[in-house]
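Next comes protein-v7.pdb, a file with PDB, N, CA and C atoms.
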MODEL        1
ATOM      1  N   MET A 588     -60.916  15.093  39.585
ATOM      2  CA  MET A 588     -59.595  14.688  40.014
ATOM      3  C   MET A 588     -59.375  13.224  39.624
ATOM      4  N   CYS A 589     -58.292  12.965  38.982
ATOM      5  CA  CYS A 589     -58.000  11.619  38.488
ATOM      6  C   CYS A 589     -57.158  10.855  39.515
ATOM      7  N   HIS A 590     -57.569   9.644  39.817
ATOM      8  CA  HIS A 590     -56.840   8.828  40.779
ATOM      9  C   HIS A 590     -56.086   7.693  40.098
ATOM     10  N   TYR A 591     -55.961   7.778  38.775
ATOM     11  CA  TYR A 591     -55.291   6.726  38.029
ATOM     12  C   TYR A 591     -53.780   6.802  38.250
ATOM     13  N   THR A 592     -53.159   5.658  38.476
ATOM     14  CA  THR A 592     -51.704   5.592  38.546
ATOM     15  C   THR A 592     -51.242   4.531  37.557
ATOM     16  N   HIS A 593     -50.141   4.805  36.905
ATOM     17  CA  HIS A 593     -49.604   3.878  35.922
ATOM     18  C   HIS A 593     -49.073   2.627  36.606
ATOM     19  N   LEU A 594     -49.097   1.537  35.863
ATOM     20  CA  LEU A 594     -48.509   0.306  36.381
ATOM     21  C   LEU A 594     -46.999   0.486  36.466
ATOM     22  N   ILE A 595     -46.410  -0.059  37.506
ATOM     23  CA  ILE A 595     -44.968  -0.012  37.662
ATOM     24  C   ILE A 595     -44.410  -1.420  37.449
ATOM     25  N   LEU A 596     -43.099  -1.513  37.385
ATOM     26  CA  LEU A 596     -42.458  -2.793  37.111
ATOM     27  C   LEU A 596     -42.890  -3.857  38.118
ATOM     28  N   PHE A 597     -42.990  -3.497  39.379
ATOM     29  CA  PHE A 597     -43.396  -4.456  40.405
ATOM     30  C   PHE A 597     -44.793  -5.010  40.126
ATOM     31  N   ASP A 598     -45.726  -4.133  39.698
ATOM     32  CA  ASP A 598     -47.076  -4.585  39.335
ATOM     33  C   ASP A 598     -47.018  -5.560  38.168
ATOM     34  N   ARG A 599     -46.197  -5.228  37.190
ATOM     35  CA  ARG A 599     -46.080  -6.080  36.006
ATOM     36  C   ARG A 599     -45.458  -7.435  36.345
ATOM     37  N   GLU A 600     -44.500  -7.439  37.254
ATOM     38  CA  GLU A 600     -43.898  -8.707  37.673
ATOM     39  C   GLU A 600     -44.913  -9.565  38.426
ATOM     40  N   LYS A 601     -45.730  -8.933  39.269
ATOM     41  CA  LYS A 601     -46.776  -9.683  39.974
ATOM     42  C   LYS A 601     -47.797 -10.226  38.981
ATOM     43  N   MET A 602     -48.112  -9.443  37.936
ATOM     44  CA  MET A 602     -49.033  -9.915  36.906
ATOM     45  C   MET A 602     -48.500 -11.175  36.251
ATOM     46  N   LEU A 603     -47.212 -11.168  35.921
ATOM     47  CA  LEU A 603     -46.602 -12.340  35.296
ATOM     48  C   LEU A 603     -46.687 -13.544  36.223
ATOM     49  N   PHE A 604     -46.417 -13.347  37.493
ATOM     50  CA  PHE A 604     -46.492 -14.427  38.479
ATOM     51  C   PHE A 604     -47.906 -15.011  38.542
ATOM     52  N   PHE A 605     -48.901 -14.120  38.598
ATOM     53  CA  PHE A 605     -50.288 -14.584  38.667
ATOM     54  C   PHE A 605     -50.717 -15.271  37.375
ATOM     55  N   LEU A 606     -50.252 -14.766  36.231
ATOM     56  CA  LEU A 606     -50.550 -15.412  34.957
ATOM     57  C   LEU A 606     -49.945 -16.809  34.903
ATOM     58  N   ALA A 607     -48.719 -16.930  35.427
ATOM     59  CA  ALA A 607     -48.049 -18.230  35.437
ATOM     60  C   ALA A 607     -48.796 -19.225  36.324
ATOM     61  N   GLU A 608     -49.430 -18.724  37.370
ATOM     62  CA  GLU A 608     -50.227 -19.579  38.249
ATOM     63  C   GLU A 608     -51.574 -19.938  37.618
ATOM     64  N   GLY A 609     -51.901 -19.294  36.507
ATOM     65  CA  GLY A 609     -53.155 -19.589  35.827
ATOM     66  C   GLY A 609     -54.357 -18.854  36.377
ATOM     67  N   LYS A 610     -54.109 -17.781  37.103
ATOM     68  CA  LYS A 610     -55.215 -17.013  37.682
ATOM     69  C   LYS A 610     -55.953 -16.248  36.579
ATOM     70  N   PRO A 611     -57.265 -16.127  36.695
ATOM     71  CA  PRO A 611     -58.024 -15.355  35.702
ATOM     72  C   PRO A 611     -57.786 -13.853  35.878
ATOM     73  N   VAL A 612     -58.077 -13.111  34.822
ATOM     74  CA  VAL A 612     -57.851 -11.662  34.820
ATOM     75  C   VAL A 612     -58.620 -10.973  35.940
ATOM     76  N   THR A 613     -59.828 -11.416  36.208
ATOM     77  CA  THR A 613     -60.618 -10.783  37.267
ATOM     78  C   THR A 613     -59.937 -10.925  38.628
ATOM     79  N   GLN A 614     -59.361 -12.075  38.887
ATOM     80  CA  GLN A 614     -58.677 -12.289  40.164
ATOM     81  C   GLN A 614     -57.367 -11.499  40.211
ATOM     82  N   ILE A 615     -56.651 -11.429  39.092
ATOM     83  CA  ILE A 615     -55.408 -10.643  39.038
ATOM     84  C   ILE A 615     -55.726  -9.180  39.329
ATOM     85  N   ALA A 616     -56.784  -8.672  38.718
ATOM     86  CA  ALA A 616     -57.181  -7.278  38.948
ATOM     87  C   ALA A 616     -57.489  -7.042  40.419
ATOM     88  N   HIS A 617     -58.190  -7.970  41.035
ATOM     89  CA  HIS A 617     -58.528  -7.838  42.454
ATOM     90  C   HIS A 617     -57.258  -7.870  43.317
ATOM     91  N   LEU A 618     -56.341  -8.780  43.021
ATOM     92  CA  LEU A 618     -55.119  -8.901  43.810
ATOM     93  C   LEU A 618     -54.208  -7.676  43.683
ATOM     94  N   LEU A 619     -54.238  -7.040  42.513
ATOM     95  CA  LEU A 619     -53.411  -5.850  42.294
ATOM     96  C   LEU A 619     -54.146  -4.551  42.628
ATOM     97  N   ASN A 620     -55.411  -4.690  43.050
ATOM     98  CA  ASN A 620     -56.235  -3.519  43.361
ATOM     99  C   ASN A 620     -56.350  -2.585  42.152
ATOM    100  N   ARG A 621     -56.602  -3.193  41.003
ATOM    101  CA  ARG A 621     -56.773  -2.471  39.740
ATOM    102  C   ARG A 621     -58.088  -2.897  39.108
ATOM    103  N   SER A 622     -58.523  -2.143  38.133
ATOM    104  CA  SER A 622     -59.735  -2.542  37.430
ATOM    105  C   SER A 622     -59.391  -3.645  36.429
ATOM    106  N   GLU A 623     -60.385  -4.434  36.137
ATOM    107  CA  GLU A 623     -60.192  -5.525  35.183
ATOM    108  C   GLU A 623     -59.793  -4.987  33.813
ATOM    109  N   SER A 624     -60.360  -3.848  33.432
ATOM    110  CA  SER A 624     -60.041  -3.263  32.130
ATOM    111  C   SER A 624     -58.579  -2.832  32.048
ATOM    112  N   THR A 625     -58.001  -2.389  33.172
ATOM    113  CA  THR A 625     -56.584  -2.023  33.183
ATOM    114  C   THR A 625     -55.718  -3.234  32.875
ATOM    115  N   ILE A 626     -56.025  -4.355  33.485
ATOM    116  CA  ILE A 626     -55.255  -5.578  33.268
ATOM    117  C   ILE A 626     -55.438  -6.072  31.838
ATOM    118  N   LEU A 627     -56.682  -6.054  31.355
ATOM    119  CA  LEU A 627     -56.944  -6.496  29.986
ATOM    120  C   LEU A 627     -56.233  -5.620  28.961
ATOM    121  N   CYS A 628     -56.286  -4.317  29.152
ATOM    122  CA  CYS A 628     -55.603  -3.400  28.232
ATOM    123  C   CYS A 628     -54.098  -3.619  28.251
ATOM    124  N   GLU A 629     -53.553  -3.810  29.436
ATOM    125  CA  GLU A 629     -52.112  -4.054  29.573
ATOM    126  C   GLU A 629     -51.706  -5.311  28.807
ATOM    127  N   LEU A 630     -52.466  -6.372  28.959
ATOM    128  CA  LEU A 630     -52.146  -7.617  28.275
ATOM    129  C   LEU A 630     -52.373  -7.492  26.767
ATOM    130  N   ARG A 631     -53.432  -6.845  26.376
ATOM    131  CA  ARG A 631     -53.725  -6.679  24.952
ATOM    132  C   ARG A 631     -52.648  -5.832  24.274
ATOM    133  N   ARG A 632     -52.183  -4.809  24.960
ATOM    134  CA  ARG A 632     -51.194  -3.903  24.388
ATOM    135  C   ARG A 632     -49.793  -4.512  24.362
ATOM    136  N   ASN A 633     -49.472  -5.334  25.368
ATOM    137  CA  ASN A 633     -48.078  -5.714  25.547
ATOM    138  C   ASN A 633     -47.767  -7.202  25.480
ATOM    139  N   ALA A 634     -48.769  -8.051  25.494
ATOM    140  CA  ALA A 634     -48.486  -9.482  25.432
ATOM    141  C   ALA A 634     -48.267  -9.892  23.986
ATOM    142  N   ASP A 635     -47.337 -10.786  23.771
ATOM    143  CA  ASP A 635     -47.090 -11.325  22.446
ATOM    144  C   ASP A 635     -48.263 -12.239  22.103
ATOM    145  N   LEU A 636     -48.863 -12.017  20.977
ATOM    146  CA  LEU A 636     -50.070 -12.755  20.632
ATOM    147  C   LEU A 636     -49.765 -14.053  19.880
ATOM    148  N   THR A 637     -48.693 -14.735  20.235
ATOM    149  CA  THR A 637     -48.324 -15.986  19.577
ATOM    150  C   THR A 637     -49.060 -17.171  20.175
ATOM    151  N   GLY A 638     -49.825 -16.928  21.198
ATOM    152  CA  GLY A 638     -50.552 -18.014  21.840
ATOM    153  C   GLY A 638     -49.764 -18.663  22.969
ATOM    154  N   GLN A 639     -48.558 -18.210  23.209
ATOM    155  CA  GLN A 639     -47.752 -18.746  24.299
ATOM    156  C   GLN A 639     -48.276 -18.197  25.623
ATOM    157  N   PRO A 640     -48.429 -19.051  26.632
ATOM    158  CA  PRO A 640     -48.961 -18.566  27.907
ATOM    159  C   PRO A 640     -48.018 -17.608  28.629
ATOM    160  N   MET A 641     -46.734 -17.698  28.397
ATOM    161  CA  MET A 641     -45.771 -16.839  29.091
ATOM    162  C   MET A 641     -45.188 -15.805  28.119
ATOM    163  N   SER A 642     -46.042 -15.195  27.312
ATOM    164  CA  SER A 642     -45.567 -14.247  26.311
ATOM    165  C   SER A 642     -45.495 -12.817  26.851
ATOM    166  N   TYR A 643     -45.714 -12.617  28.114
ATOM    167  CA  TYR A 643     -45.689 -11.298  28.739
ATOM    168  C   TYR A 643     -44.375 -11.151  29.488
ATOM    169  N   CYS A 644     -43.554 -10.171  29.095
ATOM    170  CA  CYS A 644     -42.243  -9.957  29.727
ATOM    171  C   CYS A 644     -42.235  -8.579  30.405
ATOM    172  N   PRO A 645     -42.273  -8.547  31.731
ATOM    173  CA  PRO A 645     -42.371  -7.271  32.451
ATOM    174  C   PRO A 645     -41.239  -6.289  32.152
ATOM    175  N   LEU A 646     -40.009  -6.762  32.016
ATOM    176  CA  LEU A 646     -38.890  -5.845  31.752
ATOM    177  C   LEU A 646     -39.016  -5.196  30.382
ATOM    178  N   ALA A 647     -39.375  -5.983  29.381
ATOM    179  CA  ALA A 647     -39.548  -5.434  28.035
ATOM    180  C   ALA A 647     -40.727  -4.473  27.993
ATOM    181  N   VAL A 648     -41.798  -4.824  28.686
ATOM    182  CA  VAL A 648     -42.990  -3.979  28.722
ATOM    183  C   VAL A 648     -42.687  -2.653  29.413
ATOM    184  N   GLN A 649     -41.921  -2.689  30.489
ATOM    185  CA  GLN A 649     -41.562  -1.460  31.201
ATOM    186  C   GLN A 649     -40.721  -0.549  30.302
ATOM    187  N   ALA A 650     -39.813  -1.123  29.524
ATOM    188  CA  ALA A 650     -39.006  -0.332  28.590
ATOM    189  C   ALA A 650     -39.893   0.291  27.509
ATOM    190  N   LEU A 651     -40.845  -0.472  26.996
ATOM    191  CA  LEU A 651     -41.782   0.066  26.011
ATOM    192  C   LEU A 651     -42.624   1.188  26.604
ATOM    193  N   TYR A 652     -43.054   1.010  27.845
ATOM    194  CA  TYR A 652     -43.831   2.043  28.530
ATOM    195  C   TYR A 652     -43.033   3.347  28.601
ATOM    196  N   LYS A 653     -41.765   3.248  28.971
ATOM    197  CA  LYS A 653     -40.942   4.453  29.085
ATOM    198  C   LYS A 653     -40.772   5.137  27.731
ATOM    199  N   GLN A 654     -40.582   4.348  26.664
ATOM    200  CA  GLN A 654     -40.459   4.923  25.327
ATOM    201  C   GLN A 654     -41.759   5.614  24.912
ATOM    202  N   ARG A 655     -42.876   4.957  25.122
ATOM    203  CA  ARG A 655     -44.165   5.539  24.750
ATOM    204  C   ARG A 655     -44.449   6.806  25.548
ATOM    205  N   ARG A 656     -44.119   6.768  26.820
ATOM    206  CA  ARG A 656     -44.354   7.920  27.701
ATOM    207  C   ARG A 656     -43.523   9.113  27.248
ATOM    208  N   LYS A 657     -42.264   8.860  26.918
ATOM    209  CA  LYS A 657     -41.381   9.940  26.470
ATOM    210  C   LYS A 657     -41.864  10.525  25.150
ATOM    211  N   ALA A 658     -42.298   9.663  24.246
ATOM    212  CA  ALA A 658     -42.762  10.124  22.935
ATOM    213  C   ALA A 658     -44.076  10.883  23.026
ATOM    214  N   SER A 659     -44.862  10.645  24.046
ATOM    215  CA  SER A 659     -46.172  11.279  24.145
ATOM    216  C   SER A 659     -46.120  12.703  24.674
ATOM    217  N   HIS A 660     -45.039  13.081  25.306
ATOM    218  CA  HIS A 660     -44.931  14.433  25.844
ATOM    219  C   HIS A 660     -44.642  15.413  24.718
ATOM    220  N   SER A 661     -45.205  16.593  24.839
ATOM    221  CA  SER A 661     -44.961  17.595  23.812
ATOM    222  C   SER A 661     -43.502  18.038  23.861
ATOM    223  N   HIS A 662     -42.994  18.327  22.708
ATOM    224  CA  HIS A 662     -41.598  18.736  22.594
ATOM    225  C   HIS A 662     -41.509  20.260  22.598
ATOM    226  N   LYS A 663     -40.390  20.767  23.032
ATOM    227  CA  LYS A 663     -40.197  22.206  23.044
ATOM    228  C   LYS A 663     -40.091  22.711  21.611
ATOM    229  N   ARG A 664     -40.610  23.897  21.396
ATOM    230  CA  ARG A 664     -40.549  24.490  20.069
ATOM    231  C   ARG A 664     -39.144  24.999  19.789
ATOM    232  N   LEU A 665     -38.733  24.790  18.574
ATOM    233  CA  LEU A 665     -37.431  25.302  18.161
ATOM    234  C   LEU A 665     -37.589  26.749  17.726
ATOM    235  N   LYS A 666     -36.613  27.535  18.045
ATOM    236  CA  LYS A 666     -36.644  28.930  17.628
ATOM    237  C   LYS A 666     -35.872  29.039  16.320
ATOM    238  N   ASN A 667     -36.584  29.363  15.274
ATOM    239  CA  ASN A 667     -35.966  29.494  13.965
ATOM    240  C   ASN A 667     -35.914  30.973  13.625
ATOM    241  N   GLN A 668     -34.739  31.536  13.641
ATOM    242  CA  GLN A 668     -34.571  32.971  13.435
ATOM    243  C   GLN A 668     -34.938  33.391  12.026
ATOM    244  N   SER A 669     -34.848  32.495  11.059
ATOM    245  CA  SER A 669     -35.146  32.874   9.684
ATOM    246  C   SER A 669     -36.641  33.067   9.462
ATOM    247  N   CYS A 670     -37.454  32.601  10.384
ATOM    248  CA  CYS A 670     -38.902  32.740  10.234
ATOM    249  C   CYS A 670     -39.455  34.010  10.869
ATOM    250  N   ILE A 671     -38.632  34.731  11.561
ATOM    251  CA  ILE A 671     -39.086  35.948  12.243
ATOM    252  C   ILE A 671     -39.124  37.090  11.235
ATOM    253  N   LEU A 672     -40.273  37.702  11.126
ATOM    254  CA  LEU A 672     -40.438  38.816  10.200
ATOM    255  C   LEU A 672     -40.231  40.115  10.951
ATOM    256  N   GLU A 673     -39.496  41.003  10.315
ATOM    257  CA  GLU A 673     -39.282  42.311  10.939
ATOM    258  C   GLU A 673     -40.100  43.350  10.195
ATOM    259  N   TYR A 674     -40.811  44.137  10.934
ATOM    260  CA  TYR A 674     -41.604  45.192  10.353
ATOM    261  C   TYR A 674     -40.955  46.526  10.670
ATOM    262  N   HIS A 675     -40.819  47.341   9.642
ATOM    263  CA  HIS A 675     -40.208  48.657   9.843
ATOM    264  C   HIS A 675     -41.212  49.746   9.718
TER     265      HIS A 675
ENDMDL
END
If you convert what's in this file into structure tokens, what do you get?
Amino acid sequence: MCHYTHLILFDREKMLFFLAEGKPVTQIAHLLNRSESTILCELRRNADLTGQPMSYCPLAVQALYKQRRKASHSHKRLKNQSCILEYH
């Protein structure tokens, strides 16, 4: 049974606040009750790597999450009538 839950906008906003305060990733993970790897993956995947300390934008990241989530779900199969073979 998996107990993993996705980060929500509120979690991401708290992450930004803690990053702005200069807290280390280990402390952010503890404060959000998440694993350190979850926080690191989130930052690696979504932070702008320009070297700017405030390159993480929770609203933009949440929009990207929704796009990725939608794209990852399997799509319904189209019914193409021309592909159906009839046997007599």
Running the PyMOL selection byres ((chain A and resi 642-655) around 6.5) on this model by hand, what would come out? Give it as an NGL selection string. :A and (596 or 599-600 or 603 or 633-635 or 639-641 or 656-660)
For a test of reading the model, state the distance in Å between atom C of Phe597 (chain A) and atom N of Leu630 (chain A), rounded to one decimal. 13.6 Å
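Straight-line separation from atom C of Leu619 (chain A) to CA of Leu594 (chain A): 9.7 Å.
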Near region 607-615 of chain A, within 8 Å and counting all atoms listed in the file, which residues show up once chain neighbours fewer than 3 positions away are dropped, as a count of residues only? 15
Output, as JSON, the centre and edge lengths in Å (one decimal) of the axis-aligned box that contains all listed atoms of region 598-615 of chain A with 6 Å of margin on each side.
{"center_x": -52.3, "center_y": -12.0, "center_z": 37.5, "size_x": 28.7, "size_y": 27.8, "size_z": 17.4}
Between CA of Ser661 (chain A) and atom N of Tyr591 (chain A), measure the distance and give it in Å to one decimal. 21.0 Å
